[in-house]
$ cat query31.cif   # mmCIF, C-alpha atoms
data_final
loop_
_atom_site.label_atom_id
_atom_site.label_comp_id
_atom_site.auth_asym_id
_atom_site.auth_seq_id
_atom_site.Cartn_x
_atom_site.Cartn_y
_atom_site.Cartn_z
CA MET U 55 0.00 0.00 0.00
CA SER U 56 1.35 3.42 -0.90
CA THR U 57 0.86 6.48 1.18
CA LEU U 58 1.71 10.12 0.60
CA ASP U 59 4.23 9.93 3.43
CA ASP U 60 6.68 8.32 0.98
CA ARG U 61 6.50 11.24 -1.46
CA PRO U 62 8.09 14.67 -1.06
CA PRO U 63 5.65 17.55 -0.46
CA MET U 64 4.30 19.33 -3.54
CA TYR U 65 5.20 22.92 -4.34
CA VAL U 66 2.28 25.35 -4.51
CA GLY U 67 3.03 28.97 -5.33
CA SER U 68 0.75 30.43 -2.68
CA LEU U 69 2.07 28.21 0.14
CA PRO U 70 5.44 28.20 1.91
CA LEU U 71 8.26 26.50 0.01
CA PRO U 72 8.51 22.80 1.04
CA TRP U 73 11.81 21.88 2.71
CA THR U 74 12.75 19.46 -0.10
CA HIS U 75 12.52 22.25 -2.68
CA SER U 76 14.14 24.78 -0.38
CA ARG U 77 17.11 22.48 0.25
CA PHE U 78 17.49 21.83 -3.47
CA LEU U 79 17.19 25.47 -4.54
CA ARG U 80 19.67 26.58 -1.87
CA TRP U 81 22.54 24.99 -3.82
CA PHE U 82 20.99 24.92 -7.30
CA VAL U 83 20.38 28.69 -7.60
CA PRO U 84 23.92 29.80 -6.59
CA LEU U 85 25.37 27.08 -8.83
CA SER U 86 23.24 28.31 -11.75
CA LEU U 87 24.31 31.91 -11.20
CA TRP U 88 27.95 30.82 -11.15
CA GLY U 89 27.33 28.78 -14.30
CA VAL U 90 25.76 31.75 -16.05
CA ALA U 91 28.75 33.94 -15.19
CA MET U 92 31.13 31.27 -16.51
CA LEU U 93 29.07 30.93 -19.69
CA ALA U 94 29.31 34.68 -20.25
CA ALA U 95 33.06 34.57 -19.73
CA VAL U 96 33.52 31.67 -22.17
CA GLY U 97 31.27 33.38 -24.74
CA ALA U 98 33.22 36.60 -24.49
CA TRP U 99 36.50 34.70 -24.69
CA GLY U 100 35.45 33.18 -28.00
CA MET U 101 34.69 36.47 -29.71
CA ARG U 102 37.11 38.89 -31.28
CA SER U 103 36.82 42.50 -32.32
CA PRO U 104 35.37 42.91 -35.81
CA GLY U 105 38.20 45.41 -36.41
CA PRO U 106 38.11 48.64 -38.32
CA GLY U 107 36.00 48.89 -41.51
CA GLN U 108 37.70 48.32 -44.85
CA TRP U 109 36.65 49.56 -48.26
CA GLN U 110 35.84 46.64 -50.49
CA LEU U 111 36.65 48.40 -53.76
CA MET U 112 40.23 49.35 -53.05
CA SER U 113 42.98 46.81 -53.13
CA GLY U 114 45.41 49.60 -52.31
CA PRO U 115 45.42 53.38 -52.20
CA ALA U 116 44.04 54.84 -55.45
CA GLU U 117 43.70 51.49 -57.13
CA PRO U 118 40.16 51.22 -58.49
CA VAL U 119 38.50 47.85 -59.10
CA GLU U 120 36.20 47.26 -62.05
CA ILE U 121 32.86 45.66 -61.22
CA GLU U 122 30.14 44.59 -63.63
CA GLY U 123 26.55 44.62 -62.52
CA PHE U 124 23.34 46.54 -61.99
CA ALA U 125 23.28 49.68 -59.89
CA VAL U 126 20.41 49.92 -57.38
CA ALA U 127 19.61 53.00 -55.30
CA GLU U 128 17.43 51.55 -52.53
CA PRO U 129 17.87 50.80 -49.71
CA TYR U 130 21.51 51.64 -50.28
CA ALA U 131 23.48 52.63 -53.35
CA MET U 132 24.81 49.25 -54.46
CA ILE U 133 26.00 47.27 -57.45
CA VAL U 134 24.47 43.80 -57.78
CA THR U 135 26.83 41.56 -59.72
CA PRO U 136 25.64 38.76 -62.08
CA GLU U 137 26.74 36.30 -59.35
CA GLY U 138 24.29 37.91 -56.94
CA GLU U 139 26.86 39.63 -54.75
CA THR U 140 26.08 43.13 -53.56
CA VAL U 141 28.76 45.80 -53.41
CA LEU U 142 28.12 49.03 -51.56
CA VAL U 143 28.75 52.25 -53.44
CA VAL U 144 29.80 54.86 -50.94
CA GLU U 145 29.99 58.59 -51.38
CA GLU U 146 32.09 61.00 -49.40
CA ARG U 147 29.29 61.98 -47.06
CA LYS U 148 27.55 60.41 -44.17
CA PHE U 149 23.93 59.42 -44.65
CA GLY U 150 21.33 58.41 -42.11
CA ALA U 151 22.01 59.02 -38.45
CA MET C 80 -15.96 41.28 1.61
CA SER C 81 -15.73 42.12 -2.08
CA LEU C 82 -13.80 40.96 -5.10
CA GLN C 83 -11.49 43.08 -7.14
CA TYR C 84 -9.42 42.49 -10.24
CA VAL C 85 -5.70 42.30 -9.56
CA THR C 86 -3.38 42.38 -12.57
CA VAL C 87 -0.71 40.19 -11.02
CA HIS C 88 -1.03 38.35 -7.71
CA TRP C 89 2.38 39.21 -6.37
CA ASN C 90 3.70 37.08 -3.55
CA ARG C 91 7.08 36.45 -1.99
CA HIS C 92 7.89 33.57 -4.36
CA LYS C 93 7.29 35.74 -7.43
CA ARG C 94 9.41 38.59 -6.09
CA VAL C 95 12.29 36.26 -5.21
CA TYR C 96 11.94 34.59 -8.62
CA ASP C 97 12.17 37.89 -10.49
CA VAL C 98 15.07 39.15 -8.36
CA VAL C 99 17.07 35.95 -8.98
CA ALA C 100 16.27 36.00 -12.72
CA GLY C 101 17.22 39.68 -12.99
CA LEU C 102 20.42 39.03 -11.04
CA ALA C 103 21.34 36.17 -13.40
CA VAL C 104 20.83 38.38 -16.46
CA LEU C 105 22.87 41.22 -14.94
CA LEU C 106 25.63 38.79 -13.99
CA LEU C 107 25.67 37.39 -17.52
CA ILE C 108 25.85 40.79 -19.19
CA ALA C 109 28.40 42.12 -16.71
CA GLY C 110 30.55 39.00 -17.01
CA PHE C 111 30.47 39.17 -20.80
CA VAL C 112 31.37 42.85 -20.94
CA LEU C 113 34.09 42.50 -18.30
CA VAL C 114 35.82 39.56 -19.98
CA SER C 115 35.55 41.22 -23.41
CA VAL C 116 37.16 44.41 -22.11
CA VAL C 117 39.88 42.68 -20.06
CA ARG C 118 40.79 40.08 -22.66
CA LEU C 119 41.35 42.20 -25.76
CA PRO C 120 44.36 44.53 -26.02
CA ALA C 121 43.76 48.27 -26.31
CA GLY C 122 43.95 48.43 -30.10
CA GLU C 123 41.52 45.54 -30.63
CA GLN C 124 38.77 46.57 -28.22
CA VAL C 125 35.19 45.96 -29.34
CA SER C 126 33.31 49.25 -29.71
CA PRO C 127 30.57 49.90 -27.10
CA PRO C 128 27.63 49.55 -29.56
CA ILE C 129 28.86 46.17 -30.81
CA LEU C 130 29.62 45.05 -27.25
CA ALA C 131 26.05 45.96 -26.26
CA ILE C 132 24.61 44.09 -29.28
CA ARG C 133 26.62 40.99 -28.36
CA ALA C 134 25.89 41.17 -24.63
CA PHE C 135 22.10 41.49 -25.11
CA GLY C 136 22.22 38.73 -27.73
CA ILE C 137 24.09 36.24 -25.57
CA ALA C 138 21.87 37.02 -22.56
CA ALA C 139 18.75 36.44 -24.71
CA ILE C 140 19.92 33.12 -26.15
CA VAL C 141 21.00 31.78 -22.75
CA LEU C 142 17.64 32.77 -21.25
CA LEU C 143 15.83 31.12 -24.18
CA HIS C 144 17.60 27.85 -23.42
CA VAL C 145 16.76 28.15 -19.72
CA VAL C 146 13.09 28.75 -20.57
CA LEU C 147 13.08 25.66 -22.80
CA LEU C 148 14.81 23.49 -20.19
CA ILE C 149 12.52 24.29 -17.27
CA GLY C 150 9.46 22.44 -18.63
CA PRO C 151 11.04 19.01 -19.20
CA LEU C 152 13.21 19.34 -16.07
CA ALA C 153 10.08 19.88 -13.97
CA ARG C 154 8.59 16.74 -15.57
CA LEU C 155 11.71 14.75 -14.67
CA ASP C 156 12.15 16.12 -11.13
CA GLU C 157 9.42 17.99 -9.32
CA ARG C 158 11.95 20.01 -7.32
CA PHE C 159 12.19 22.19 -10.45
CA ALA C 160 8.49 23.10 -10.08
CA PRO C 161 9.23 26.50 -8.43
CA LEU C 162 11.07 27.47 -11.63
CA LEU C 163 8.13 26.39 -13.79
CA TYR C 164 5.54 28.36 -11.85
CA ASN C 165 6.52 31.82 -13.05
CA ARG C 166 8.26 30.87 -16.27
CA ARG C 167 6.25 33.50 -18.14
CA HIS C 168 8.24 36.18 -16.28
CA LEU C 169 11.35 34.77 -17.92
CA GLY C 170 9.57 34.85 -21.28
CA VAL C 171 8.83 38.56 -20.95
CA MET C 172 12.42 39.18 -19.84
CA LEU C 173 13.64 37.17 -22.82
CA PHE C 174 11.61 39.26 -25.26
CA CYS C 175 13.00 42.47 -23.70
CA LEU C 176 16.59 41.24 -24.08
CA GLY C 177 15.99 40.04 -27.64
CA GLY C 178 14.32 43.35 -28.42
CA LEU C 179 17.28 45.32 -27.04
CA HIS C 180 19.63 43.18 -29.13
CA GLY C 181 17.52 43.75 -32.24
CA VAL C 182 17.04 47.48 -31.73
CA ALA C 183 20.76 47.97 -31.03
CA ALA C 184 21.79 45.94 -34.10
CA ILE C 185 19.27 47.46 -36.50
CA GLY C 186 19.90 50.95 -35.15
CA PHE C 187 23.68 50.66 -35.35
CA TYR C 188 24.12 48.93 -38.68
CA GLY C 189 21.12 50.66 -40.27
CA ALA C 190 22.44 54.11 -39.39
CA PHE C 191 24.79 54.07 -42.36
CA GLY C 192 22.08 54.09 -45.05
CA ASN C 193 19.57 56.62 -46.31
CA THR C 194 16.61 54.30 -45.67
CA ASP C 195 15.10 53.82 -42.25
CA PRO C 196 16.80 50.82 -40.61
CA LEU C 197 13.74 48.56 -40.33
CA SER C 198 12.77 49.06 -43.99
CA ALA C 199 16.37 48.39 -44.98
CA LEU C 200 16.31 45.14 -43.00
CA LEU C 201 13.11 43.94 -44.64
CA ALA C 202 13.76 45.27 -48.16
CA SER C 203 17.44 44.49 -48.65
CA PRO C 204 18.14 42.19 -51.59
CA THR C 205 18.81 38.70 -50.25
CA ASP C 206 20.31 35.51 -51.58
CA VAL C 207 18.96 32.50 -49.71
CA THR C 208 20.77 30.05 -51.98
CA ARG C 209 24.19 30.85 -50.52
CA LEU C 210 24.86 30.27 -46.83
CA SER C 211 27.48 33.01 -46.72
CA ALA C 212 24.95 35.57 -47.96
CA PHE C 213 21.89 34.18 -46.16
CA PRO C 214 19.81 36.95 -44.57
CA PHE C 215 20.32 35.69 -41.01
CA GLU C 216 18.96 38.96 -39.63
CA LEU C 217 15.49 38.03 -40.87
CA LEU C 218 15.59 34.79 -38.86
CA GLY C 219 16.27 36.79 -35.71
CA PHE C 220 13.54 39.26 -36.61
CA ALA C 221 11.01 36.44 -37.12
CA ALA C 222 11.99 34.92 -33.75
CA LEU C 223 11.52 38.31 -32.10
CA VAL C 224 8.02 38.62 -33.57
CA ILE C 225 7.09 35.21 -32.11
CA LEU C 226 8.56 36.15 -28.73
CA PHE C 227 6.61 39.41 -28.79
CA VAL C 228 3.32 37.59 -29.43
CA MET C 229 4.11 35.21 -26.58
CA ALA C 230 5.12 37.94 -24.16
CA ALA C 231 2.08 40.04 -25.06
CA THR C 232 -0.31 37.12 -24.47
CA SER C 233 1.46 35.68 -21.42
CA HIS C 234 -1.06 37.02 -18.91
CA ASP C 235 -3.93 34.81 -17.74
CA PHE C 236 -6.30 37.39 -19.26
CA TRP C 237 -5.32 36.06 -22.68
CA LEU C 238 -5.37 32.47 -21.48
CA ALA C 239 -8.97 32.92 -20.35
CA ASN C 240 -10.03 34.71 -23.54
CA LEU C 241 -8.20 32.60 -26.11
CA GLY C 242 -8.92 29.31 -24.35
CA PRO C 243 -6.27 26.89 -23.02
CA ARG C 244 -5.89 24.96 -26.29
CA LEU C 245 -5.28 27.96 -28.57
CA TRP C 246 -3.13 29.69 -25.94
CA LYS C 247 -0.99 26.59 -25.47
CA THR C 248 -0.64 26.12 -29.24
CA LEU C 249 0.42 29.74 -29.55
CA HIS C 250 3.01 29.37 -26.82
CA VAL C 251 4.49 26.17 -28.23
CA GLY C 252 5.78 28.65 -30.82
CA VAL C 253 8.75 29.13 -28.50
CA HIS C 254 10.27 26.02 -30.12
CA LEU C 255 10.00 27.64 -33.55
CA ALA C 256 11.54 30.81 -32.14
CA TRP C 257 14.38 28.67 -30.74
CA ALA C 258 15.02 27.05 -34.15
CA LEU C 259 15.04 30.49 -35.79
CA VAL C 260 17.46 31.83 -33.18
CA ILE C 261 19.78 28.85 -33.69
CA GLY C 262 19.73 29.58 -37.45
CA HIS C 263 20.24 33.30 -36.79
CA VAL C 264 23.35 32.67 -34.69
CA ALA C 265 24.71 29.84 -36.82
CA LEU C 266 24.43 31.81 -40.05
CA GLY C 267 25.38 35.16 -38.57
CA VAL C 268 27.86 35.15 -35.70
CA MET C 269 29.56 31.91 -36.64
CA GLN C 270 30.39 33.09 -40.16
CA SER C 271 32.35 36.05 -38.93
CA GLU C 272 33.95 34.39 -35.88
CA PRO C 273 36.85 32.03 -36.57
CA SER C 274 36.82 30.72 -32.98
CA SER C 275 35.15 27.38 -32.27
CA VAL C 276 33.85 28.58 -28.89
CA VAL C 277 30.56 29.97 -30.20
CA PRO C 278 29.74 26.92 -32.37
CA GLY C 279 30.70 24.73 -29.39
CA LEU C 280 28.39 26.60 -27.01
CA LEU C 281 25.58 26.58 -29.56
CA GLY C 282 25.99 22.84 -30.20
CA ALA C 283 26.06 22.12 -26.46
CA GLY C 284 22.87 24.13 -26.02
CA VAL C 285 21.09 22.26 -28.81
CA LEU C 286 22.18 18.89 -27.40
CA LEU C 287 21.17 19.85 -23.87
CA VAL C 288 17.70 21.12 -24.84
CA GLY C 289 17.13 18.19 -27.22
CA GLY C 290 18.41 15.61 -24.73
CA VAL C 291 16.31 16.83 -21.81
CA HIS C 292 13.19 16.97 -24.00
CA VAL C 293 13.77 13.43 -25.25
CA ALA C 294 14.38 12.15 -21.68
CA ALA C 295 11.14 13.78 -20.48
CA ALA C 296 9.20 12.38 -23.45
CA VAL C 297 10.55 8.86 -22.88
CA ARG C 298 9.61 8.99 -19.22
CA GLN C 299 6.16 10.37 -20.04
CA ARG C 300 5.54 7.61 -22.60
CA SER C 301 6.65 4.92 -20.17
CA ARG C 302 4.37 6.36 -17.50
CA GLU C 303 1.43 6.51 -19.91
CA ARG C 304 1.97 2.87 -20.92
CA SER C 305 1.84 1.77 -17.29
CA GLU C 306 -1.35 3.78 -16.75
CA THR C 307 -3.28 2.23 -19.64
CA ALA C 308 -6.34 0.21 -18.53
CA ALA C 309 -8.86 -1.86 -20.45
CA VAL C 310 -12.44 -0.64 -20.77
CA GLY C 311 -14.89 -3.22 -19.39
CA GLU C 312 -18.57 -3.84 -19.81
CA GLY C 313 -20.80 -0.77 -19.59
CA GLY C 314 -17.87 1.59 -20.10
CA TRP C 315 -16.30 0.90 -16.66
CA VAL C 316 -12.54 1.06 -16.36
CA ASP C 317 -10.78 -0.96 -13.66
CA VAL C 318 -8.43 1.30 -11.68
CA GLY C 319 -7.09 -1.26 -9.19
CA ASP C 320 -7.22 -1.81 -5.45
CA VAL C 321 -8.37 1.10 -3.38
CA ALA C 322 -5.35 0.52 -1.13
CA ASP C 323 -3.05 1.32 -4.05
CA ILE C 324 -4.32 4.89 -4.28
CA PRO C 325 -2.23 7.03 -1.92
CA TYR C 326 -4.01 9.02 0.77
CA GLY C 327 -4.52 12.56 -0.48
CA GLY C 328 -3.02 11.59 -3.83
CA ALA C 329 -4.11 9.92 -7.02
CA VAL C 330 -3.48 7.31 -9.64
CA THR C 331 -4.05 8.05 -13.31
CA VAL C 332 -5.75 5.69 -15.72
CA ARG C 333 -5.77 5.94 -19.50
CA PRO C 334 -8.65 3.99 -21.04
CA SER C 335 -7.45 1.69 -23.80
CA SER C 336 -10.29 3.05 -25.96
CA GLY C 337 -8.31 6.28 -26.33
CA ALA C 338 -10.66 8.31 -24.13
CA ALA C 339 -9.11 11.11 -22.07
CA ALA C 340 -7.08 10.11 -18.99
CA ILE C 341 -8.78 10.10 -15.59
CA ALA C 342 -7.25 11.02 -12.23
CA VAL C 343 -8.60 8.95 -9.32
CA PHE C 344 -8.09 10.52 -5.90
CA ARG C 345 -8.49 9.06 -2.43
CA ASP C 346 -9.82 11.51 0.09
CA GLY C 347 -9.85 9.66 3.40
CA GLY C 348 -12.31 6.84 2.87
CA VAL C 349 -13.85 8.33 -0.29
CA VAL C 350 -12.64 7.88 -3.86
CA HIS C 351 -13.23 10.56 -6.50
CA ALA C 352 -12.46 10.61 -10.23
CA VAL C 353 -11.96 13.69 -12.40
CA ALA C 354 -10.55 14.36 -15.86
CA ASN C 355 -6.76 14.33 -15.64
CA GLN C 356 -6.39 17.59 -17.57
CA CYS C 357 -6.32 20.85 -15.60
CA ALA C 358 -8.61 23.54 -17.06
CA HIS C 359 -5.82 26.11 -16.79
CA GLN C 360 -3.03 24.81 -19.03
CA GLY C 361 -3.81 21.10 -19.28
CA GLY C 362 -1.54 20.11 -16.37
CA PRO C 363 -1.70 16.48 -15.13
CA LEU C 364 -4.04 16.59 -12.14
CA GLY C 365 -3.25 12.95 -11.34
CA GLU C 366 0.27 14.02 -10.38
CA GLY C 367 -1.17 16.59 -7.98
CA ARG C 368 -2.37 16.26 -4.39
CA LEU C 369 -5.35 17.04 -2.23
CA ILE C 370 -4.44 20.24 -0.44
CA ASP C 371 -6.95 21.94 1.86
CA GLY C 372 -9.53 19.45 0.61
CA CYS C 373 -9.05 20.40 -3.05
CA ILE C 374 -7.36 18.63 -5.94
CA THR C 375 -4.32 20.82 -6.65
CA CYS C 376 -2.61 20.89 -10.03
CA PRO C 377 1.18 20.38 -9.85
CA TRP C 378 1.85 22.93 -12.58
CA HIS C 379 0.36 26.15 -11.24
CA GLY C 380 -1.65 25.19 -8.16
CA TYR C 381 -5.15 25.50 -9.67
CA GLN C 382 -7.63 23.81 -7.37
CA TYR C 383 -10.84 21.81 -7.82
CA ARG C 384 -13.26 20.30 -5.34
CA PRO C 385 -13.03 16.51 -5.75
CA GLY C 386 -16.79 15.99 -5.46
CA ASP C 387 -17.98 18.26 -8.26
CA GLY C 388 -14.77 19.22 -10.15
CA CYS C 389 -15.41 22.94 -9.59
CA SER C 390 -12.82 25.43 -8.36
CA PRO C 391 -13.73 26.89 -4.99
CA PRO C 392 -15.38 30.35 -5.25
CA PRO C 393 -14.59 32.95 -6.43
CA TYR C 394 -12.81 30.94 -9.15
CA THR C 395 -14.87 29.54 -12.00
CA GLU C 396 -12.76 26.77 -13.58
CA ARG C 397 -14.07 23.23 -13.56
CA VAL C 398 -13.08 19.79 -14.77
CA PRO C 399 -15.41 16.88 -15.65
CA VAL C 400 -16.02 14.34 -12.89
CA HIS C 401 -16.50 10.60 -13.39
CA GLU C 402 -18.75 8.22 -11.54
CA VAL C 403 -16.83 5.85 -9.23
CA ARG C 404 -17.74 2.46 -7.79
CA VAL C 405 -15.83 0.35 -5.28
CA ILE C 406 -16.65 -3.37 -5.21
CA ALA C 407 -14.73 -5.66 -2.86
CA GLY C 408 -11.91 -3.16 -2.63
CA ARG C 409 -11.57 -2.75 -6.42
CA VAL C 410 -12.11 0.73 -7.85
CA SER C 411 -13.73 1.32 -11.24
CA VAL C 412 -14.58 4.58 -12.98
CA SER C 413 -17.24 5.14 -15.56
CA LEU C 414 -16.39 6.64 -18.93
CA SER C 415 -19.99 7.40 -19.74
CA GLY C 416 -20.59 9.18 -16.46
CA ALA C 417 -18.28 12.16 -17.11
CA THR C 418 -20.17 15.32 -16.22
CA ASP C 419 -19.56 19.02 -15.93
CA ARG C 420 -21.36 19.89 -12.75
CA ASP C 421 -22.02 23.60 -12.95
CA ASP C 422 -24.48 24.06 -10.13
CA ASP C 423 -23.54 26.25 -7.18
CA ARG C 424 -21.20 28.30 -9.34
CA ASP C 425 -20.34 31.84 -8.46
CA GLU C 426 -18.99 34.21 -11.04
CA GLY C 427 -15.89 35.70 -9.56
CA ALA C 428 -12.61 37.43 -10.03
CA ASP C 429 -9.82 36.50 -12.37
CA ARG C 430 -7.09 34.41 -10.81
#

$ encode --input "query31.cif" --output "structure tokens"
Amino acid sequence: MSTLDDRPPMYVGSLPLPWTHSRFLRWFVPLSLWGVAMLAAVGAWGMRSPGPGQWQLMSGPAEPVEIEGFAVAEPYAMIVTPEGETVLVVEERKFGA
Amino acid sequence: MSLQYVTVHWNRHKRVYDVVAGLAVLLLIAGFVLVSVVRLPAGEQVSPPILAIRAFGIAAIVLLHVVLLIGPLARLDERFAPLLYNRRHLGVMLFCLGGLHGVAAIGFYGAFGNTDPLSALLASPTDVTRLSAFPFELLGFAALVILFVMAATSHDFWLANLGPRLWKTLHVGVHLAWALVIGHVALGVMQSEPSSVVPGLLGAGVLLVGGVHVAAAVRQRSRERSETAAVGEGGWVDVGDVADIPYGGAVTVRPSSGAAAIAVFRDGGVVHAVANQCAHQGGPLGEGRLIDGCITCPWHGYQYRPGDGCSPPPYTERVPVHEVRVIAGRVSVSLSGATDRDDDRDEGADR
């Protein structure tokens, strides 16, 4: 015959936390917080700086590159090559923000 | 005494829950920023906008995995139940973090064009045939839309108005959002990062979420198999010996005919049978207990009187009850006798 005495008490949000849950959460929560901090550290460790921006069209100072394709104006001024690549066309001004 | 609508029934558990969740998110963001700043030499520092985009992004994806893990973990070990209770708070927090990540990314990268950033995101020419040019931003945007719908409908107001089935279906969308986020990160971050740390973390997350879900499903299936019972003459289902039903607890039976499962409770010397599915979110009432004389759902504590299946006033939920007979110590429940007893109901406040 089974009785409820064999089973741990059930958690109900409006009642005090049962001792079984309390005992479990007392080590689980700090361990989780520590784990989260470690995860953040590992994630940050695996990322590098994207570095400074580089112009795609210049292989060196004042060395223009010839590109074939269609020019589109929206949303940015771009050249779409027959291979489907998009190349930004940038003017000497800042747009947007 | 009068009733009044309360938007959220705050209690100590909810406050502690939110404080711990907020602390975890702060710790994650602070840890990420600190390690990023300390690790890279002065000339290779990540600029503050990009650091913010990354920090919000990593906090959102970690929280998404936590949200997805809580459900199956609570099915495997009921000591996780306190985390399940207020999981919707984490969902709202997750949407906020994802939204901050999205706004920061769209605002920063979109600032260089002459089109407003959101239009540029949605209208940019895309090439879905090449992985290196795949518009991974759109995957993140789609996930954010799903998370918004879930966060906006997370309150019980929407649960009551949409109905448990539609609401639950809507909120299962978190799995689709997860798949989209995995694609967003895999096709975006991993293409520009040569390190294997991010793919490793992402793979570990997928394995962990998948593994825990499979373990919970296997256990659930095994439990359901052991609960299956044949339907006898007259639609009566044999439950077993009355002595096998724990005091103040229940056994669950699943009729072999495919009819809905029934939870059979023992309240002192009386045996009651109700539908196993809680009216709130479909929680398994048979895994609950009798607390203060009421059947109490293990998922969110919704209560029903065992005799008539109705929640005590002022609440208005109810579950069908089944006729029970005990002959020579054997308990049987009737399939045909399932009723919704709606007498003595009081219209009351929202829970």

$ resolve_selection --input "query31.cif" --expression "the PyMOL selection byres ((chain C and resi 155) around 8)" --output "PDB file with C-alpha atoms, keeping the file's coordinate frame"
ATOM      1  CA  PRO C 151      11.040  19.010 -19.200  1.00  0.00           C
ATOM      2  CA  LEU C 152      13.210  19.340 -16.070  1.00  0.00           C
ATOM      3  CA  ALA C 153      10.080  19.880 -13.970  1.00  0.00           C
ATOM      4  CA  ARG C 154       8.590  16.740 -15.570  1.00  0.00           C
ATOM      5  CA  ASP C 156      12.150  16.120 -11.130  1.00  0.00           C
ATOM      6  CA  GLU C 157       9.420  17.990  -9.320  1.00  0.00           C
ATOM      7  CA  ALA C 294      14.380  12.150 -21.680  1.00  0.00           C
ATOM      8  CA  ALA C 295      11.140  13.780 -20.480  1.00  0.00           C
ATOM      9  CA  ARG C 298       9.610   8.990 -19.220  1.00  0.00           C
TER      10      ARG C 298
END

$ residues_around --input "query31.cif" --residues "Leu280 in chain C" --least-positions-apart "2" --cutoff "10 Å" --atoms "only C-alpha atoms" --output "ChimeraX atom specification"
/U:93,96-97,100 /C:141,275-278,282-286

$ atom_distance --input "query31.cif" --atom1 "CA of Ala358 in chain C" --atom2 "CA of Leu69 in chain U"
20.8 Å

$ interface_residues --input "query31.cif" --of "chain C" --to "chain U" --cutoff "8 Å" --atoms "all atoms listed in the file" --output "compact mmCIF listing (two decimals) with C-alpha atoms, in the coordinates of the input"
# COMPACT_ATOMS: atom_id res chain seq x y z
CA ASN C 90 3.70 37.08 -3.55
CA HIS C 92 7.89 33.57 -4.36
CA ALA C 103 21.34 36.17 -13.40
CA LEU C 106 25.63 38.79 -13.99
CA LEU C 107 25.67 37.39 -17.52
CA ILE C 108 25.85 40.79 -19.19
CA GLY C 110 30.55 39.00 -17.01
CA PHE C 111 30.47 39.17 -20.80
CA VAL C 112 31.37 42.85 -20.94
CA VAL C 114 35.82 39.56 -19.98
CA SER C 115 35.55 41.22 -23.41
CA ARG C 118 40.79 40.08 -22.66
CA LEU C 119 41.35 42.20 -25.76
CA GLU C 123 41.52 45.54 -30.63
CA GLN C 124 38.77 46.57 -28.22
CA VAL C 125 35.19 45.96 -29.34
CA ILE C 137 24.09 36.24 -25.57
CA GLU C 157 9.42 17.99 -9.32
CA ARG C 158 11.95 20.01 -7.32
CA PHE C 159 12.19 22.19 -10.45
CA ALA C 160 8.49 23.10 -10.08
CA PRO C 161 9.23 26.50 -8.43
CA TYR C 164 5.54 28.36 -11.85
CA GLY C 189 21.12 50.66 -40.27
CA ALA C 190 22.44 54.11 -39.39
CA PHE C 191 24.79 54.07 -42.36
CA GLY C 192 22.08 54.09 -45.05
CA ASN C 193 19.57 56.62 -46.31
CA THR C 194 16.61 54.30 -45.67
CA ASP C 195 15.10 53.82 -42.25
CA SER C 198 12.77 49.06 -43.99
CA ALA C 199 16.37 48.39 -44.98
CA ALA C 202 13.76 45.27 -48.16
CA SER C 203 17.44 44.49 -48.65
CA ASP C 206 20.31 35.51 -51.58
CA GLU C 272 33.95 34.39 -35.88
CA SER C 274 36.82 30.72 -32.98
CA SER C 275 35.15 27.38 -32.27
CA VAL C 276 33.85 28.58 -28.89
CA VAL C 277 30.56 29.97 -30.20
CA LEU C 280 28.39 26.60 -27.01
CA ALA C 322 -5.35 0.52 -1.13
CA ASP C 323 -3.05 1.32 -4.05
CA ILE C 324 -4.32 4.89 -4.28
CA PRO C 325 -2.23 7.03 -1.92
CA TYR C 326 -4.01 9.02 0.77
CA GLY C 327 -4.52 12.56 -0.48
CA GLY C 328 -3.02 11.59 -3.83
CA GLY C 367 -1.17 16.59 -7.98
CA ARG C 368 -2.37 16.26 -4.39
CA PRO C 377 1.18 20.38 -9.85
CA HIS C 379 0.36 26.15 -11.24
CA GLY C 380 -1.65 25.19 -8.16

$ atom_distance --input "query31.cif" --atom1 "CA of Val288 in chain C" --atom2 "CA of Leu163 in chain C"
15.5 Å

$ residues_near_point --input "query31.cif" --point "(-10.9, 20.2, -12.8)" --cutoff "9 Å" --atoms "all atoms listed in the file" --output "list in words"
Val353, Ala354, Asn355, Gln356, Cys357, Ala358, His359, Leu364, Ile374, Cys376, Tyr381, Gln382, Tyr383, Arg384, Pro385, Asp387, Gly388, Cys389, Ser390, Glu396, Arg397, Val398, Pro399 and Val400 of chain C

$ resolve_selection --input "query31.cif" --expression "the PyMOL selection byres ((chain C and resi 247) around 12)" --output "list in words"
Met229, Thr232, Ser233, Asp235, Trp237, Leu238, Ala239, Leu241, Gly242, Pro243, Arg244, Leu245, Trp246, Thr248, Leu249, His250, Val251, Gly252, Val253, Ala358, His359, Gln360, Gly361 and Gly362 of chain C

$ resolve_selection --input "query31.cif" --expression "the PyMOL selection byres ((chain C and resi 101) around 12)" --output "number ranges by chain"
U: 87; C: 94-100, 102-108, 138, 142, 168-169, 171-173, 175-176

$ atom_distance --input "query31.cif" --atom1 "CA of Trp89 in chain C" --atom2 "CA of Arg167 in chain C"
13.6 Å
